[in-house]
Amino acid sequence: MGFVGHAFVDWDDTIAENIRYFTETEEINCRLIARATGADPEQVRIRGRELDLATARRMGLGRESLPTAWLTCYREFAARAGVPVDPETEAEVVRACRIPYEVRQEILPGAPEVLTWLHTRGFEVLIWTAGDHEVQFRKIRESGLTHLIHGMCIVPEKTPEVLRAALADRDPARCFVVGNSVHSDIRPGLALGLLAIHVPAETWAYDDGEINPNHPRYRRVEGIHEVPKVVADWFRLPLESLPNSARR
């Protein structure tokens with residue numbers, strides 16, 4: 001089957017909520033560590049975020065990264081306070097770190113409509129997501145949106161090199177990325193000659209990065225509902241093909 005174009009669509013915090021579950025884990029672990037060591041919860045939060053970022057960059061975005069970071073955080077504060085590490089507190093930290101990987105995600109408003117529009121307008125819809133393969137596959141399967149998806153590209157980390165492999169023999173000029181991460185979605189897309197549609201959302205430091213807002217292939221939208229308008233303009237599709245929510 002010939003496609004009009006090829007959409008590489010990010011999953012977490014573009015299609016489905018994600019960061020709020022990590023925030024919930026952070027809140028739980030800050031309370032646990034502060035209670036066990038007498039530390040200031042805000043200092044625990046600062047150090048926990050530093051370790052989370054450093055560990056993710058070292059280990060990747062698999063599900064072992066988060067508990068590794070927070071257990072290290074707990075042990076550091078216990079050592080500072082001169083108190084023994086409590087196995088039950090460690091177990092509670094690990095249980096909290098399972099939340100983002102085991103919860104059933106909520107789909108973000110407008111996301112199903114955009115996937116439907118892309119699918120019905122003849123685009124190949126590929127979910128482009130990083131993390132543990134089993135976890136990400138389950139999230140997508142549970143979403144109820146798999147009938148709108150032609151394929152999944154689940155990778156440990158999203159880089160230009162990894163995206164190049166995912167493109168295979170597709171023409172970059174007919175491809176585009178949609179995502180919230182400058183680091184993982186936008187910069188790799190621009191590096192390979194793709195249209196890059198930035199859907200800003202709350203992120204963590206891993207996703208930060210500088211971007212030239214005047215780049216000819218960079219488009220920033222206020223919400224995912226604006227993606228069809230950008231795609232229609234780029235591929236010169238008729239305006240009447242847009243969903244009503246995208247014509248504003």
# chains A, B, ... in the order shown; residues from 1 in each chain; ligands from 1
call {"tool": "closest_atom_pairs", "arguments": {"of": "stretch 119-163 of chain A", "to": "stretch 64-87 of chain A", "cutoff": "12 Å", "atoms": "only C-alpha atoms", "output": "Markdown table"}}
result
| residue | atom | partner | partner_atom | distance |
| --- | --- | --- | --- | --- |
| A:Gly131 | CA | A:Ser65 | CA | 10.2 |
| A:Asp132 | CA | A:Glu64 | CA | 9.2 |
| A:Val135 | CA | A:Glu64 | CA | 11.7 |
| A:Pro156 | CA | A:Ser65 | CA | 11.7 |
call {"tool": "select_by_dssp", "arguments": {"residues": "stretch 35-219 of chain A", "states": "helix (DSSP H, G or I)", "output": "count of residues only"}}
result
101
call {"tool": "closest_residue", "arguments": {"among": "A:Leu115, A:Val125, A:Ala39, A:Leu167", "to": "A:Ile224", "atoms": "only C-alpha atoms"}}
result
A:Leu115
call {"tool": "residues_around", "arguments": {"residues": "A:Asp12", "least_positions_apart": "5", "cutoff": "12 Å", "atoms": "only C-alpha atoms", "output": "ChimeraX atom specification"}}
result
/A:17-22,100-101,105-108,111,127-131,135-137,139-140,143,154,178-181,184-185,199,201-203,207
call {"tool": "write_last_selection", "arguments": {"atoms": "N, CA, C and O atoms", "output": "short mmCIF file (atom, residue, chain, number, x, y, z; two decimals), in the first residue's frame"}}
result
data_model
loop_
_atom_site.label_atom_id
_atom_site.label_comp_id
_atom_site.auth_asym_id
_atom_site.auth_seq_id
_atom_site.Cartn_x
_atom_site.Cartn_y
_atom_site.Cartn_z
N GLU A 17 -0.98 10.33 28.91
CA GLU A 17 -0.35 10.94 30.07
C GLU A 17 0.74 10.03 30.62
O GLU A 17 0.59 8.82 30.68
N ASN A 18 1.83 10.66 31.07
CA ASN A 18 2.94 9.86 31.59
C ASN A 18 3.65 10.55 32.74
O ASN A 18 3.83 9.97 33.80
N ILE A 19 4.05 11.81 32.55
CA ILE A 19 4.91 12.44 33.54
C ILE A 19 4.22 12.57 34.90
O ILE A 19 4.88 12.55 35.94
N ARG A 20 2.91 12.65 34.92
CA ARG A 20 2.24 12.81 36.22
C ARG A 20 2.40 11.57 37.08
O ARG A 20 2.40 11.67 38.32
N TYR A 21 2.59 10.41 36.46
CA TYR A 21 2.81 9.20 37.25
C TYR A 21 4.21 9.20 37.84
O TYR A 21 4.43 8.70 38.96
N PHE A 22 5.18 9.75 37.13
CA PHE A 22 6.52 9.88 37.68
C PHE A 22 6.54 10.94 38.80
O PHE A 22 7.27 10.79 39.78
N PRO A 100 4.75 4.25 37.54
CA PRO A 100 4.70 4.73 36.14
C PRO A 100 4.71 3.61 35.11
O PRO A 100 4.27 3.82 33.97
N TYR A 101 5.21 2.46 35.48
CA TYR A 101 5.35 1.36 34.53
C TYR A 101 4.17 0.39 34.55
O TYR A 101 4.01 -0.39 33.60
N GLN A 105 -2.49 4.10 31.48
CA GLN A 105 -2.43 5.52 31.16
C GLN A 105 -3.78 6.08 30.71
O GLN A 105 -4.60 5.36 30.13
N GLU A 106 -3.96 7.37 30.94
CA GLU A 106 -5.10 8.09 30.39
C GLU A 106 -4.67 8.72 29.05
O GLU A 106 -3.58 9.29 28.94
N ILE A 107 -5.53 8.59 28.08
CA ILE A 107 -5.24 9.17 26.76
C ILE A 107 -5.51 10.67 26.81
O ILE A 107 -6.52 11.12 27.36
N LEU A 108 -4.63 11.46 26.22
CA LEU A 108 -4.76 12.91 26.26
C LEU A 108 -5.86 13.39 25.30
O LEU A 108 -6.06 12.80 24.22
N ALA A 111 -5.95 13.39 21.15
CA ALA A 111 -5.02 12.43 20.55
C ALA A 111 -5.71 11.39 19.67
O ALA A 111 -5.25 11.14 18.54
N ILE A 127 4.14 4.61 15.92
CA ILE A 127 4.42 5.12 17.26
C ILE A 127 5.92 5.03 17.50
O ILE A 127 6.53 3.98 17.36
N TRP A 128 6.49 6.17 17.85
CA TRP A 128 7.93 6.34 18.00
C TRP A 128 8.17 6.66 19.47
O TRP A 128 7.94 7.77 19.92
N THR A 129 8.60 5.64 20.25
CA THR A 129 8.65 5.82 21.69
C THR A 129 9.87 5.13 22.28
O THR A 129 10.34 4.11 21.75
N ALA A 130 10.37 5.68 23.38
CA ALA A 130 11.54 5.12 24.06
C ALA A 130 11.14 4.53 25.40
O ALA A 130 10.21 5.00 26.05
N GLY A 131 11.87 3.50 25.80
CA GLY A 131 11.62 2.88 27.09
C GLY A 131 11.72 1.37 27.01
O GLY A 131 12.21 0.81 26.03
N VAL A 135 6.96 -2.79 28.55
CA VAL A 135 6.11 -1.77 29.17
C VAL A 135 5.44 -0.91 28.12
O VAL A 135 4.22 -0.68 28.15
N GLN A 136 6.21 -0.40 27.16
CA GLN A 136 5.64 0.47 26.14
C GLN A 136 4.64 -0.27 25.26
O GLN A 136 3.60 0.27 24.90
N PHE A 137 4.95 -1.50 24.93
CA PHE A 137 4.03 -2.30 24.11
C PHE A 137 2.70 -2.49 24.84
O PHE A 137 1.63 -2.37 24.24
N LYS A 139 1.39 -0.53 27.19
CA LYS A 139 0.69 0.75 27.24
C LYS A 139 -0.09 1.00 25.95
O LYS A 139 -1.26 1.40 25.97
N ILE A 140 0.59 0.78 24.84
CA ILE A 140 -0.05 1.03 23.54
C ILE A 140 -1.20 0.05 23.32
O ILE A 140 -2.29 0.44 22.87
N SER A 143 -4.34 0.93 25.18
CA SER A 143 -4.93 2.24 24.88
C SER A 143 -6.23 2.16 24.10
O SER A 143 -7.01 3.10 24.08
N ILE A 154 9.74 0.93 19.17
CA ILE A 154 10.03 1.04 20.60
C ILE A 154 11.53 0.83 20.77
O ILE A 154 12.06 -0.23 20.46
N VAL A 178 6.16 13.87 15.50
CA VAL A 178 5.27 14.63 16.38
C VAL A 178 5.64 14.25 17.80
O VAL A 178 5.62 13.06 18.15
N GLY A 179 6.01 15.23 18.63
CA GLY A 179 6.37 14.89 19.99
C GLY A 179 6.60 16.09 20.87
O GLY A 179 6.67 17.23 20.39
N ASN A 180 6.74 15.83 22.17
CA ASN A 180 6.90 16.91 23.15
C ASN A 180 8.35 17.15 23.54
O ASN A 180 8.67 18.15 24.17
N SER A 181 9.25 16.23 23.20
CA SER A 181 10.64 16.31 23.66
C SER A 181 11.54 16.94 22.61
O SER A 181 11.71 16.38 21.52
N SER A 184 14.52 14.31 22.33
CA SER A 184 14.28 12.98 21.78
C SER A 184 13.47 12.96 20.50
O SER A 184 13.56 12.00 19.73
N ASP A 185 12.65 13.98 20.28
CA ASP A 185 11.77 14.00 19.10
C ASP A 185 12.20 15.03 18.07
O ASP A 185 12.40 14.70 16.90
N VAL A 199 4.86 19.49 20.16
CA VAL A 199 3.65 19.64 20.98
C VAL A 199 4.12 19.82 22.42
O VAL A 199 4.33 18.84 23.14
N ALA A 201 4.73 20.11 26.29
CA ALA A 201 4.06 19.54 27.46
C ALA A 201 5.05 19.61 28.61
O ALA A 201 6.25 19.82 28.40
N GLU A 202 4.55 19.44 29.81
CA GLU A 202 5.44 19.36 30.96
C GLU A 202 6.40 18.20 30.74
O GLU A 202 5.99 17.10 30.38
N THR A 203 7.69 18.46 30.94
CA THR A 203 8.69 17.42 30.72
C THR A 203 9.65 17.40 31.91
O THR A 203 9.51 18.15 32.87
N ASP A 207 14.48 15.77 28.69
CA ASP A 207 13.89 16.20 27.42
C ASP A 207 14.31 17.60 27.00
O ASP A 207 13.94 18.05 25.92
#
call {"tool": "select_by_dssp", "arguments": {"residues": "stretch 59-147 of chain A", "states": "strand (DSSP E)", "output": "PyMOL selection string"}}
result
chain A and resi 123-130
call {"tool": "residues_around", "arguments": {"residues": "A:Ala36", "least_positions_apart": "3", "cutoff": "8 Å", "atoms": "only C-alpha atoms", "output": "JSON, numbers by chain"}}
result
{"A": [32, 33, 78, 89]}
call {"tool": "atom_distance", "arguments": {"atom1": "atom CA of A:Ala34", "atom2": "atom CA of A:Asp13"}}
result
29.1 Å
call {"tool": "atom_distance", "arguments": {"atom1": "atom CA of A:Pro216", "atom2": "atom CA of A:Leu190"}}
result
9.4 Å
call {"tool": "atom_distance", "arguments": {"atom1": "atom CA of A:His119", "atom2": "atom CA of A:His150"}}
result
8.6 Å
call {"tool": "closest_residue", "arguments": {"among": "A:Asp52, A:Glu42, A:Thr14, A:Val155", "to": "A:Cys30", "atoms": "only C-alpha atoms"}}
result
A:Glu42
call {"tool": "residues_around", "arguments": {"residues": "A:Thr116", "least_positions_apart": "2", "cutoff": "10 Å", "atoms": "only C-alpha atoms", "output": "list in words"}}
result
Ala111, Pro112, Glu113, Val114, Leu118, His119, Thr120, Arg121, Val125, Leu145, His147, Leu148, Ile149 and Pro243 of chain A
call {"tool": "residues_around", "arguments": {"residues": "A:Cys175", "least_positions_apart": "3", "cutoff": "8 Å", "atoms": "only C-alpha atoms", "output": "list in words"}}
result
Gly5, His6, Ala7, Phe8, Arg170, Asp171, Pro172, Leu194 and Leu195 of chain A
call {"tool": "residues_around", "arguments": {"residues": "A:Val93", "least_positions_apart": "3", "cutoff": "6 Å", "atoms": "only C-alpha atoms", "output": "PyMOL selection string"}}
result
chain A and resi 29+90+96
